[in-house]
file final-v4.pdb (PDB, C-alpha atoms and all ligand atoms)
ATOM      1  CA  MET D   1      67.672 229.381 153.377
ATOM      2  CA  ASP D   2      69.069 231.358 156.278
ATOM      3  CA  PHE D   3      72.060 230.197 158.332
ATOM      4  CA  PHE D   4      70.138 229.105 161.441
ATOM      5  CA  PHE D   5      67.675 227.158 159.449
ATOM      6  CA  PHE D   6      70.651 225.479 157.839
ATOM      7  CA  LEU D   7      72.273 224.796 161.199
ATOM      8  CA  PHE D   8      69.245 223.253 162.917
ATOM      9  CA  PHE D   9      67.307 221.682 160.154
ATOM     10  CA  SER D  10      69.774 220.710 157.534
ATOM     11  CA  PRO D  11      70.773 217.107 157.109
ATOM     12  CA  PHE D  12      74.346 218.250 157.934
ATOM     13  CA  ARG D  13      73.331 219.240 161.457
ATOM     14  CA  SER D  14      74.796 216.265 163.263
ATOM     15  CA  VAL D  15      78.046 216.531 161.319
ATOM     16  CA  ILE D  16      78.443 220.190 162.309
ATOM     17  CA  PHE D  17      77.735 219.508 165.996
ATOM     18  CA  LEU D  18      79.983 216.487 166.072
ATOM     19  CA  THR D  19      82.817 218.545 164.664
ATOM     20  CA  MET D  20      82.277 221.291 167.246
ATOM     21  CA  GLU D  21      82.111 218.766 170.050
ATOM     22  CA  ARG D  22      85.362 217.177 168.940
ATOM     23  CA  LEU D  23      87.051 220.546 168.737
ATOM     24  CA  VAL D  24      86.033 221.316 172.341
ATOM     25  CA  ILE D  25      87.343 217.933 173.492
ATOM     26  CA  TYR D  26      90.632 218.451 171.650
ATOM     27  CA  LEU D  27      91.064 221.869 173.234
ATOM     28  CA  LEU D  28      90.399 220.460 176.711
ATOM     29  CA  VAL D  29      92.906 217.659 176.172
ATOM     30  CA  ILE D  30      95.548 220.075 174.918
ATOM     31  CA  SER D  31      95.116 222.531 177.809
ATOM     32  CA  THR D  32      95.275 219.691 180.355
ATOM     33  CA  ALA D  33      98.397 218.256 178.748
ATOM     34  CA  VAL D  34     100.146 221.633 178.862
ATOM     35  CA  LYS D  35      99.391 222.121 182.562
ATOM     36  CA  ALA D  36      99.987 218.518 183.651
ATOM     37  CA  MET D  37     103.238 217.586 185.275
ATOM     38  CA  MET D  38     104.994 214.301 184.966
ATOM     39  CA  CYS D  39     104.498 212.235 188.072
ATOM     40  CA  PRO D  40     107.112 209.543 188.767
ATOM     41  CA  LYS D  41     105.750 206.037 189.265
ATOM     42  CA  ARG D  42     104.214 205.313 192.689
ATOM     43  CA  CYS D  43     104.630 208.944 193.764
ATOM     44  CA  MET D  44     101.971 211.455 194.662
ATOM     45  CA  CYS D  45     102.024 214.733 192.802
ATOM     46  CA  GLN D  46     100.129 217.884 193.583
ATOM     47  CA  ASN D  47      99.772 220.766 191.238
ATOM     48  CA  LEU D  48      98.853 223.835 193.222
ATOM     49  CA  SER D  49      99.739 226.049 190.294
ATOM     50  CA  PRO D  50     102.257 227.607 189.981
ATOM     51  CA  SER D  51     103.785 225.399 192.647
ATOM     52  CA  PHE D  52     104.383 221.666 192.200
ATOM     53  CA  THR D  53     104.784 219.173 195.014
ATOM     54  CA  ILE D  54     106.141 215.662 194.578
ATOM     55  CA  LEU D  55     105.914 213.113 197.354
ATOM     56  CA  CYS D  56     107.703 209.768 196.997
ATOM     57  CA  THR D  57     107.751 208.290 200.486
ATOM     58  CA  LYS D  58     108.503 204.608 201.150
ATOM     59  CA  THR D  59     108.477 203.805 197.470
ATOM     60  CA  GLY D  60     111.659 201.696 197.459
ATOM     61  CA  LEU D  61     113.614 204.258 195.430
ATOM     62  CA  LEU D  62     117.305 203.427 194.870
ATOM     63  CA  PHE D  63     118.039 206.783 193.241
ATOM     64  CA  VAL D  64     116.339 210.127 192.620
ATOM     65  CA  PRO D  65     113.776 209.547 189.823
ATOM     66  CA  PRO D  66     114.922 211.201 186.567
ATOM     67  CA  SER D  67     111.384 212.152 185.503
ATOM     68  CA  ILE D  68     110.885 214.866 188.114
ATOM     69  CA  ASP D  69     109.316 217.998 186.702
ATOM     70  CA  ARG D  70     111.939 220.749 186.726
ATOM     71  CA  ARG D  71     109.340 223.246 187.989
ATOM     72  CA  THR D  72     108.869 221.350 191.265
ATOM     73  CA  ALA D  73     108.845 223.523 194.392
ATOM     74  CA  GLU D  74     108.654 220.792 197.000
ATOM     75  CA  LEU D  75     110.290 217.391 196.688
ATOM     76  CA  ARG D  76     109.962 214.852 199.482
ATOM     77  CA  LEU D  77     111.872 211.586 199.038
ATOM     78  CA  MET D  78     112.130 210.316 202.608
ATOM     79  CA  ASP D  79     112.160 206.648 203.672
ATOM     80  CA  ASN D  80     113.793 205.181 200.591
ATOM     81  CA  PHE D  81     117.121 203.539 199.758
ATOM     82  CA  ILE D  82     118.876 206.293 197.834
ATOM     83  CA  THR D  83     122.670 205.928 198.214
ATOM     84  CA  THR D  84     124.155 208.638 195.985
ATOM     85  CA  LEU D  85     123.147 212.149 194.988
ATOM     86  CA  ARG D  86     124.345 213.029 191.490
ATOM     87  CA  ARG D  87     124.575 216.387 189.798
ATOM     88  CA  LYS D  88     121.914 215.521 187.198
ATOM     89  CA  ASP D  89     119.416 214.541 189.930
ATOM     90  CA  PHE D  90     118.579 218.172 190.695
ATOM     91  CA  ALA D  91     119.792 219.874 187.514
ATOM     92  CA  ASN D  92     117.737 222.932 186.500
ATOM     93  CA  MET D  93     115.438 222.770 189.528
ATOM     94  CA  THR D  94     115.658 226.471 190.150
ATOM     95  CA  ASN D  95     112.132 226.626 191.666
ATOM     96  CA  LEU D  96     112.800 224.053 194.357
ATOM     97  CA  ILE D  97     112.244 225.415 197.868
ATOM     98  CA  HIS D  98     112.034 222.280 200.031
ATOM     99  CA  LEU D  99     114.065 219.127 199.548
ATOM    100  CA  THR D 100     113.639 216.244 201.965
ATOM    101  CA  LEU D 101     115.909 213.213 201.757
ATOM    102  CA  SER D 102     115.580 212.027 205.356
ATOM    103  CA  ARG D 103     115.913 208.327 206.231
ATOM    104  CA  ASN D 104     117.657 207.050 203.137
ATOM    105  CA  THR D 105     121.091 205.428 202.892
ATOM    106  CA  ILE D 106     122.952 208.352 201.326
ATOM    107  CA  SER D 107     126.713 208.004 201.769
ATOM    108  CA  GLN D 108     127.869 209.959 198.750
ATOM    109  CA  ILE D 109     127.084 213.457 197.498
ATOM    110  CA  MET D 110     128.745 214.156 194.176
ATOM    111  CA  PRO D 111     130.445 217.568 193.777
ATOM    112  CA  TYR D 112     128.023 220.361 192.879
ATOM    113  CA  ALA D 113     124.995 218.048 193.264
ATOM    114  CA  PHE D 114     122.875 220.977 194.520
ATOM    115  CA  PHE D 115     124.449 223.642 192.348
ATOM    116  CA  ASP D 116     121.260 224.637 190.469
ATOM    117  CA  LEU D 117     119.140 224.934 193.618
ATOM    118  CA  LYS D 118     119.514 228.692 193.966
ATOM    119  CA  GLY D 119     116.097 229.066 195.591
ATOM    120  CA  LEU D 120     116.306 226.207 198.072
ATOM    121  CA  HIS D 121     115.333 227.164 201.625
ATOM    122  CA  ALA D 122     115.367 223.805 203.394
ATOM    123  CA  LEU D 123     117.519 220.736 202.928
ATOM    124  CA  HIS D 124     116.804 217.700 205.092
ATOM    125  CA  LEU D 125     119.493 215.033 204.988
ATOM    126  CA  ASP D 126     118.998 213.575 208.462
ATOM    127  CA  SER D 127     119.254 209.828 209.118
ATOM    128  CA  ASN D 128     121.611 208.951 206.314
ATOM    129  CA  ARG D 129     125.169 207.645 206.131
ATOM    130  CA  LEU D 130     127.221 210.732 205.426
ATOM    131  CA  THR D 131     130.727 210.616 206.913
ATOM    132  CA  TYR D 132     132.158 213.973 205.818
ATOM    133  CA  ILE D 133     131.187 217.290 204.215
ATOM    134  CA  ASN D 134     133.516 218.772 201.612
ATOM    135  CA  GLU D 135     133.835 222.251 200.140
ATOM    136  CA  ASP D 136     132.045 221.251 196.918
ATOM    137  CA  HIS D 137     129.072 219.409 198.445
ATOM    138  CA  PHE D 138     126.828 222.365 199.196
ATOM    139  CA  LYS D 139     127.999 224.758 196.476
ATOM    140  CA  GLY D 140     125.241 226.864 194.924
ATOM    141  CA  LEU D 141     122.828 226.861 197.875
ATOM    142  CA  ILE D 142     122.852 230.629 198.157
ATOM    143  CA  ASN D 143     119.431 230.904 199.802
ATOM    144  CA  LEU D 144     119.593 228.044 202.265
ATOM    145  CA  ARG D 145     117.984 228.677 205.655
ATOM    146  CA  HIS D 146     117.620 225.208 207.186
ATOM    147  CA  LEU D 147     120.221 222.489 206.914
ATOM    148  CA  ILE D 148     119.436 219.322 208.820
ATOM    149  CA  LEU D 149     122.288 216.814 209.023
ATOM    150  CA  SER D 150     121.457 215.014 212.260
ATOM    151  CA  ASN D 151     121.782 211.232 212.612
ATOM    152  CA  ASN D 152     124.576 210.658 210.138
ATOM    153  CA  GLN D 153     128.144 209.495 210.758
ATOM    154  CA  LEU D 154     129.810 212.831 210.135
ATOM    155  CA  ASN D 155     133.346 213.026 211.460
ATOM    156  CA  TYR D 156     134.617 215.921 209.355
ATOM    157  CA  ILE D 157     133.170 219.171 208.067
ATOM    158  CA  SER D 158     135.467 221.128 205.795
ATOM    159  CA  PRO D 159     135.914 224.786 206.902
ATOM    160  CA  GLY D 160     134.651 226.301 203.620
ATOM    161  CA  SER D 161     131.757 223.917 203.083
ATOM    162  CA  LEU D 162     129.042 226.262 204.401
ATOM    163  CA  ASP D 163     130.377 229.415 202.723
ATOM    164  CA  ASP D 164     127.592 229.801 200.156
ATOM    165  CA  PHE D 165     124.921 230.337 202.822
ATOM    166  CA  ILE D 166     126.731 232.036 205.709
ATOM    167  CA  GLU D 167     124.411 235.043 205.282
ATOM    168  CA  THR D 168     121.115 233.164 205.023
ATOM    169  CA  ILE D 169     121.316 230.094 207.273
ATOM    170  CA  GLU D 170     118.993 230.153 210.292
ATOM    171  CA  ASP D 171     119.391 226.667 211.635
ATOM    172  CA  LEU D 172     122.001 224.005 211.286
ATOM    173  CA  ASP D 173     121.430 220.653 212.962
ATOM    174  CA  LEU D 174     124.532 218.508 213.425
ATOM    175  CA  SER D 175     123.277 216.420 216.338
ATOM    176  CA  TYR D 176     123.861 212.662 216.561
ATOM    177  CA  ASN D 177     127.007 212.418 214.487
ATOM    178  CA  ASN D 178     130.586 211.285 215.109
ATOM    179  CA  LEU D 179     132.143 214.716 215.395
ATOM    180  CA  VAL D 180     135.078 214.699 217.788
ATOM    181  CA  ASN D 181     135.291 218.482 217.745
ATOM    182  CA  VAL D 182     132.712 221.141 217.131
ATOM    183  CA  PRO D 183     133.752 222.637 213.770
ATOM    184  CA  TRP D 184     134.098 226.129 215.239
ATOM    185  CA  GLU D 185     136.091 227.462 212.340
ATOM    186  CA  THR D 186     133.150 226.793 210.027
ATOM    187  CA  ILE D 187     130.397 227.802 212.409
ATOM    188  CA  ALA D 188     132.090 231.057 213.490
ATOM    189  CA  LYS D 189     131.599 232.436 209.967
ATOM    190  CA  LEU D 190     127.808 232.083 210.006
ATOM    191  CA  SER D 191     126.014 235.356 210.474
TER     192      SER D 191
HETATM  193  C1  LIG F 201     118.998 221.578 181.939
HETATM  194  O1  LIG F 201     118.927 222.669 181.063
HETATM  195  C2  LIG F 201     119.862 222.612 180.010
HETATM  196  C3  LIG F 201     119.775 223.916 179.249
HETATM  197  O2  LIG F 201     118.468 224.281 178.986
HETATM  198  C4  LIG F 201     119.584 221.373 179.156
HETATM  199  O3  LIG F 201     120.524 221.281 178.123
HETATM  200  C5  LIG F 201     119.667 220.129 180.027
HETATM  201  O4  LIG F 201     119.297 218.981 179.290
HETATM  202  C6  LIG F 201     118.740 220.259 181.227
HETATM  203  N1  LIG F 201     118.949 219.129 182.113
HETATM  204  C7  LIG F 201     117.951 218.514 182.753
HETATM  205  C8  LIG F 201     118.311 217.327 183.572
HETATM  206  O5  LIG F 201     116.800 218.897 182.696
END
call {"tool": "encode", "arguments": {"input": "final-v4.pdb", "output": "structure tokens"}}
result
Amino acid sequence: MDFFFFLFFSPFRSVIFLTMERLVIYLLVISTAVKAMMCPKRCMCQNLSPSFTILCTKTGLLFVPPSIDRRTAELRLMDNFITTLRRKDFANMTNLIHLTLSRNTISQIMPYAFFDLKGLHALHLDSNRLTYINEDHFKGLINLRHLILSNNQLNYISPGSLDDFIETIEDLDLSYNNLVNVPWETIAKLS
């Protein structure tokens, strides 16, 4: 009996095909699982490989979700109730390019909260409750081009706080704050 005869006419035919079919399904499931990113609850996630986008707008967030894929390139968390930014929130997110935290209730940025964001180009923190910027708030943002801090309650910006991106920054928005003086000492350093 030759092999093809065996394959198509043997009583084992359905068993063989079932096994092959299952194998194909398993392979599909595995390849999807490898590519899939974790999407936090109630968020929208887009996988335009190799770039991941996560959108969590008006989702009632009280903090940055811990389940964010570390490969994310764009993270938009506007219109929530986040109050504090912690160092672990953005740990290892070296691919992040855009971070939007507009219209939250952020009053506290923990030291080195953005330290791993070496590739970040744009940071939107407008319409929050920040009152001051310290030297250790923006440490590590060595590629930052756009820093939007409008509509906060800023009354003090420490002279060394923008040092990590003096070479790269293209726009800095400090409008609608409580600054008594323009922080010339800090701004004069920006190239
Ligand atoms: C970041 O990476 C380090 C080293 O690989 C790991 O130990 C740590 O758990 C990671 N943290 C997060 C929040 O992913």
call {"tool": "residues_near_point", "arguments": {"input": "final-v4.pdb", "point": "(123.6, 206.1, 197.5)", "cutoff": "10 Å", "atoms": "only C-alpha atoms", "output": "CSV table (one decimal) with C-alpha atoms, in the frame of the given file"}}
result
chain,number,residue,atom,x,y,z
D,62,LEU,CA,117.3,203.4,194.9
D,63,PHE,CA,118.0,206.8,193.2
D,64,VAL,CA,116.3,210.1,192.6
D,81,PHE,CA,117.1,203.5,199.8
D,82,ILE,CA,118.9,206.3,197.8
D,83,THR,CA,122.7,205.9,198.2
D,84,THR,CA,124.2,208.6,196.0
D,85,LEU,CA,123.1,212.1,195.0
D,86,ARG,CA,124.3,213.0,191.5
D,104,ASN,CA,117.7,207.0,203.1
D,105,THR,CA,121.1,205.4,202.9
D,106,ILE,CA,123.0,208.4,201.3
D,107,SER,CA,126.7,208.0,201.8
D,108,GLN,CA,127.9,210.0,198.8
D,109,ILE,CA,127.1,213.5,197.5
D,128,ASN,CA,121.6,209.0,206.3
D,129,ARG,CA,125.2,207.6,206.1
D,130,LEU,CA,127.2,210.7,205.4
call {"tool": "atom_distance", "arguments": {"input": "final-v4.pdb", "atom1": "atom CA of D:Asp69", "atom2": "atom CA of D:Met93"}}
result
8.3 Å
call {"tool": "residues_around", "arguments": {"input": "final-v4.pdb", "residues": "D:Leu101", "least_positions_apart": "3", "cutoff": "7 Å", "atoms": "all atoms listed in the file", "output": "number ranges by chain"}}
result
D: 76-78, 104, 124-125
call {"tool": "residues_near_ligand", "arguments": {"input": "final-v4.pdb", "ligand": "ligand LIG 201 (chain F)", "cutoff": "7 Å", "atoms": "all atoms listed in the file", "output": "NGL selection string"}}
result
:D and (70 or 88 or 91-92)
call {"tool": "closest_residue", "arguments": {"input": "final-v4.pdb", "among": "D:Arg145, D:Asp126, D:Ile133, D:Gly140", "to": "D:Ser161", "atoms": "only C-alpha atoms"}}
result
D:Ile133
